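Below is one structure, written out as structure tokens; the observations come after it.
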Amino acid sequence: MKYRVMIAALSSLLMAGCVIPPSNQPKEVPLSSSSVGLGAMAAPRAETGWWKSFRDPQFDRLVDSALAHNPSLGQALARMRAAEVQVTGAQSQSLPHVSLDAEEQRQKFSGTYIYPPPFASNWNWIGSTQANLSWNLDFWGKQAALVSRAGDEAQATKLDAEGARLAITGALAQAYIGLDRAYRLADIATETEKQRKHILDLTRQRVASGIDTNVEVREAEALLARARVAKTRAESERDLATHEVAALAGLGAEAYGDIHRPTLDLDAGLPLPAALPADLLSRRPDVLAARLRVEAAVSGRKAAKADFYPDINLAAFAGWQAIGLDSLFKSPSQAFGVGPAIHLPIFDADNLKSQYIGATAEVDDAIAGYNGTVLAAVHAVADRVTQIGALSSEIADERQSLDAASDAYRLAERRYGAGLSTYLSVLSAETLLLEARESHATLAAAQATNRVQLLLAVGGDFTPAKTASSAPATQLASASK
């Protein structure tokens, strides 16, 4: 009974002596799916290796190379491994720690201290050998919170790696579509040069027949020279696009000559939603990573709050302590001890309070980051859905325009060759055809790029693990209090 009273009195004293945590609450609230206008339709699932739907073996090889050699992905994977080590370190703090210490010193003892004769004023060996045990009992859940924080951070870095993989494949796909467009524009420039060379020949024949003058010849020669300049520029743009594709694939200049013209199927049936999908926030790795970082910050705040309460550890030792080497390991030299070790914060110049307020600010920062990621995701999907719809209509109209411009140019060329129309009419028809060709190539590439961007915006072929998506965003607000 006496010991129970003593323990109760000690506990009351410890609790009374604790520094009181400030009443500081997070101010940010995580966005929920309903608050950002997500619909009821689920996003279609992309197959692993979605890029293979373009039916371009060269592109498949480049993606494999990018995933194997890209520095950004390597950095993300290195961070993931470092975070996993942090989890192990945090978990180890919850386990008993055992150490073995041994020492032996030759020492001259004081004659006026605690040592009796014959040790006083003489040289002697003094030593100890003992095993020590310490165990943080974690009454207030601090270690558990730190382990949870480390685990959430590790999961977030894994999702960062998934996000990096999606970003790499997406960037390479868009660059490869750009390379395909560059080849198409170079073809248009080559065809334009041939047309203008043909028109120059016709103009010279007309001059020889007395129909035209040297003015038209010089105009045709000037336009042919401009076509050659445009062709050189288009070929240069094609080479630059090749360099970009090689860099994204993790390849150097030695690979430039091995990257040939793409054979992409730009109308590939990538699985795309027609509206904002309901499961957007549980499909994107960056959103899930941001959510986990909120949970990690919440755990960090719990650990900071636990610092206000006493640390209670269990300590024990067993070994030998003796003066003189000959008696060190004898039975009388044995020493044992066990008992609690308590650390109680009473006055710390507001250090604990500042750490707790800082941890609360980290929760707000993480929630704000999560909200920003959510809004960016919704924005990206909404923009891509709108763009794809608009481009589909534009491409259909541009196809009609290109067909009409091609027919108009053929008629104008025939009439000009037959002497029935002027050079101006040929030039006008050719300009219209050139613009239509370039516009059609650009729109086709833009549509394919937007389809890739939309696929990535809804999470691509990433399949979230249950551990990373089990807590909906609406639960984060209550968890942060």
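Every chain in the structure tokens takes a letter, A first, then B, and so on in the order presented; its residues are numbered from 1, and the ligands are numbered from 1 following the presented order.
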Who sits within 12 Å of Glu362 (chain A), only C-alpha atoms, same chain under 2 positions skipped, as an mmCIF file with C-alpha atoms, in the first residue's frame:
data_model
loop_
_atom_site.group_PDB
_atom_site.id
_atom_site.type_symbol
_atom_site.label_atom_id
_atom_site.label_comp_id
_atom_site.auth_asym_id
_atom_site.auth_seq_id
_atom_site.Cartn_x
_atom_site.Cartn_y
_atom_site.Cartn_z
ATOM 1 C CA GLN A 25 -4.261 23.949 -34.110
ATOM 2 C CA PRO A 26 -3.683 23.587 -37.874
ATOM 3 C CA LYS A 27 -5.532 26.181 -39.932
ATOM 4 C CA GLU A 28 -5.505 24.507 -43.359
ATOM 5 C CA ARG A 293 3.230 13.830 -46.322
ATOM 6 C CA VAL A 294 0.245 15.367 -44.542
ATOM 7 C CA GLU A 295 -0.063 12.216 -42.471
ATOM 8 C CA ALA A 296 3.695 12.286 -41.803
ATOM 9 C CA ALA A 297 3.439 15.886 -40.610
ATOM 10 C CA VAL A 298 0.509 14.938 -38.360
ATOM 11 C CA SER A 299 2.638 12.176 -36.816
ATOM 12 C CA GLY A 300 5.487 14.635 -36.373
ATOM 13 C CA ARG A 301 3.144 16.962 -34.505
ATOM 14 C CA LYS A 302 2.074 14.098 -32.223
ATOM 15 C CA ALA A 304 6.359 17.045 -30.711
ATOM 16 C CA GLN A 355 8.997 23.057 -31.692
ATOM 17 C CA TYR A 356 5.317 22.184 -31.280
ATOM 18 C CA ILE A 357 4.181 25.365 -33.027
ATOM 19 C CA GLY A 358 6.678 24.622 -35.795
ATOM 20 C CA ALA A 359 5.312 21.083 -36.143
ATOM 21 C CA THR A 360 1.797 22.513 -36.441
ATOM 22 C CA ASP A 364 -0.418 23.430 -42.488
ATOM 23 C CA ASP A 365 2.384 23.510 -45.057
ATOM 24 C CA ALA A 366 1.811 19.853 -45.978
ATOM 25 C CA ILE A 367 -1.959 20.364 -46.291
ATOM 26 C CA ALA A 368 -1.441 23.466 -48.425
ATOM 27 C CA GLY A 369 0.941 21.461 -50.613
ATOM 28 C CA SER A 480 -4.484 16.851 -38.009
#
With distances taken over only C-alpha atoms, which of A:Thr169, A:Gln334, A:Ser72, A:Ser282 is nearest to Thr463 (chain A)? A:Ser282
If we count only C-alpha atoms, what is near region 175-191 of chain A at a cut-off of 6 Å, once residues fewer than 3 positions away on the same chain are taken out, given as a PyMOL selection string? chain A and resi 172+194+231+234-235+238+241+245+262
Export of the given selection (C-alpha atoms) as a PDB file, in the first residue's frame:
ATOM      1  CA  LEU A 172       9.667  10.983 -73.828  1.00  0.00           C
ATOM      2  CA  LYS A 194       9.849  20.536-105.368  1.00  0.00           C
ATOM      3  CA  LYS A 231      13.848  23.108 -95.726  1.00  0.00           C
ATOM      4  CA  ALA A 234      13.035  22.161 -90.824  1.00  0.00           C
ATOM      5  CA  GLU A 235      15.848  19.621 -91.041  1.00  0.00           C
ATOM      6  CA  ARG A 238      14.291  17.617 -86.823  1.00  0.00           C
ATOM      7  CA  ALA A 241      14.156  16.947 -81.792  1.00  0.00           C
ATOM      8  CA  VAL A 245      14.594  12.292 -77.577  1.00  0.00           C
ATOM      9  CA  PRO A 262       9.060   7.446 -85.973  1.00  0.00           C
TER      10      PRO A 262
END
For the structure I just gave you, how does DSSP split region 252-305 of chain A - specifically, which residues are alpha helix (DSSP H)? Reply as a PyMOL selection string. chain A and resi 285-305
Output of the above residues as a JSON list (two decimals), in the first residue's frame, restricted to C-alpha atoms:
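Once everything was written out, this is again_34.json:
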[["chain", "number", "residue", "atom", "x", "y", "z"],
["A", 285, "PRO", "CA", 1.05, 9.17, -57.37],
["A", 286, "ASP", "CA", 1.83, 12.84, -56.71],
["A", 287, "VAL", "CA", -1.54, 13.36, -54.99],
["A", 288, "LEU", "CA", -1.09, 10.23, -52.91],
["A", 289, "ALA", "CA", 2.46, 11.28, -51.99],
["A", 290, "ALA", "CA", 1.22, 14.71, -50.91],
["A", 291, "ARG", "CA", -1.48, 13.05, -48.81],
["A", 292, "LEU", "CA", 1.07, 10.82, -47.09],
["A", 293, "ARG", "CA", 3.23, 13.83, -46.32],
["A", 294, "VAL", "CA", 0.24, 15.37, -44.54],
["A", 295, "GLU", "CA", -0.06, 12.22, -42.47],
["A", 296, "ALA", "CA", 3.69, 12.29, -41.80],
["A", 297, "ALA", "CA", 3.44, 15.89, -40.61],
["A", 298, "VAL", "CA", 0.51, 14.94, -38.36],
["A", 299, "SER", "CA", 2.64, 12.18, -36.82],
["A", 300, "GLY", "CA", 5.49, 14.63, -36.37],
["A", 301, "ARG", "CA", 3.14, 16.96, -34.51],
["A", 302, "LYS", "CA", 2.07, 14.10, -32.22],
["A", 303, "ALA", "CA", 5.72, 13.36, -31.47],
["A", 304, "ALA", "CA", 6.36, 17.04, -30.71],
["A", 305, "LYS", "CA", 3.41, 17.04, -28.30]]
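Counting only C-alpha atoms, the residue from A:Ala380, A:Ala246, A:Ala412, A:Ile199 that sits nearest to His69 (chain A) is A:Ala246.
The spacing separating CA of Val385 (chain A) from CA of Pro57 (chain A) amounts to 28.3 Å.
Taking CA of Leu248 (chain A) and CA of Glu47 (chain A) as the two end points, the separation is 22.1 Å.
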Within 8 Å of Asp101 (chain A), counting only C-alpha atoms, which residues show up once you throw out same-chain ones fewer than 6 positions away? Write them as a PyMOL selection string, please. chain A and resi 128-132
For the selection just defined, write its residues with C-alpha atoms to a file, as a PDB file, in the first residue's frame.
ATOM      1  CA  SER A 128      34.823  -2.661 -14.736  1.00  0.00           C
ATOM      2  CA  THR A 129      33.088  -4.874 -17.254  1.00  0.00           C
ATOM      3  CA  GLN A 130      29.324  -4.613 -17.571  1.00  0.00           C
ATOM      4  CA  ALA A 131      26.412  -5.103 -19.915  1.00  0.00           C
ATOM      5  CA  ASN A 132      23.939  -2.208 -20.081  1.00  0.00           C
TER       6      ASN A 132
END
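Comparing A:Ser35, A:Ala66, A:Thr232, A:Glu438 by their smallest distance to Leu402 (chain A), the closest is A:Glu438 (using only C-alpha atoms).
Minimum atom-to-atom distances from A:Leu133, A:Ile168, A:Ala43, A:Leu454 to Ala249 (chain A) were compared using only C-alpha atoms, and the lowest value belongs to A:Ile168.
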Atom pair CA of Val98 (chain A) / CA of Ser333 (chain A): separation (Å): 21.1 Å
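Distances to Ala396 (chain A) were evaluated for A:Gly339, A:Ala444, A:His379, A:Arg415 using only C-alpha atoms, and the minimum falls at A:Ala444.
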For Leu352 (chain A), list every protein, DNA or RNA residue within 10 Å, evaluated using only C-alpha atoms, and leave out those in the same chain fewer than 6 positions away; present the list as JSON, numbers by chain. {"A": [19, 20, 21, 22, 304, 305, 306, 307, 308, 345, 358]}
Please save N, CA, C and O atoms of the selected residues as a JSON list (two decimals), in the first residue's frame.
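File written: selection.json
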[["chain", "number", "residue", "atom", "x", "y", "z"],
["A", 19, "VAL", "N", 5.64, 20.79, -18.74],
["A", 19, "VAL", "CA", 5.35, 22.00, -19.50],
["A", 19, "VAL", "C", 4.06, 21.76, -20.28],
["A", 19, "VAL", "O", 3.86, 20.70, -20.86],
["A", 20, "ILE", "N", 3.15, 22.72, -20.28],
["A", 20, "ILE", "CA", 1.85, 22.55, -20.92],
["A", 20, "ILE", "C", 1.95, 22.88, -22.40],
["A", 20, "ILE", "O", 2.45, 23.95, -22.77],
["A", 21, "PRO", "N", 1.49, 21.99, -23.32],
["A", 21, "PRO", "CA", 1.51, 22.28, -24.75],
["A", 21, "PRO", "C", 0.60, 23.46, -25.07],
["A", 21, "PRO", "O", -0.46, 23.62, -24.47],
["A", 22, "PRO", "N", 0.99, 24.32, -26.01],
["A", 22, "PRO", "CA", 0.11, 25.44, -26.38],
["A", 22, "PRO", "C", -1.10, 24.94, -27.16],
["A", 22, "PRO", "O", -1.07, 23.89, -27.80],
["A", 304, "ALA", "N", 5.97, 15.79, -31.36],
["A", 304, "ALA", "CA", 6.36, 17.04, -30.71],
["A", 304, "ALA", "C", 5.52, 17.29, -29.46],
["A", 304, "ALA", "O", 6.01, 17.83, -28.45],
["A", 305, "LYS", "N", 4.25, 16.89, -29.48],
["A", 305, "LYS", "CA", 3.41, 17.04, -28.30],
["A", 305, "LYS", "C", 3.85, 16.10, -27.18],
["A", 305, "LYS", "O", 3.81, 16.45, -25.99],
["A", 306, "ALA", "N", 4.29, 14.89, -27.55],
["A", 306, "ALA", "CA", 4.74, 13.93, -26.55],
["A", 306, "ALA", "C", 5.99, 14.40, -25.82],
["A", 306, "ALA", "O", 6.27, 13.95, -24.71],
["A", 307, "ASP", "N", 6.75, 15.33, -26.45],
["A", 307, "ASP", "CA", 7.95, 15.86, -25.79],
["A", 307, "ASP", "C", 7.61, 16.62, -24.51],
["A", 307, "ASP", "O", 8.49, 16.83, -23.67],
["A", 308, "PHE", "N", 6.37, 17.06, -24.35],
["A", 308, "PHE", "CA", 5.99, 17.80, -23.16],
["A", 308, "PHE", "C", 5.83, 16.88, -21.94],
["A", 308, "PHE", "O", 5.76, 17.37, -20.82],
["A", 345, "PRO", "N", 10.59, 17.60, -18.43],
["A", 345, "PRO", "CA", 10.80, 19.01, -18.77],
["A", 345, "PRO", "C", 10.00, 19.92, -17.83],
["A", 345, "PRO", "O", 8.79, 19.75, -17.67],
["A", 358, "GLY", "N", 6.07, 24.90, -34.49],
["A", 358, "GLY", "CA", 6.68, 24.62, -35.80],
["A", 358, "GLY", "C", 6.13, 23.36, -36.43],
["A", 358, "GLY", "O", 5.90, 23.31, -37.65]]
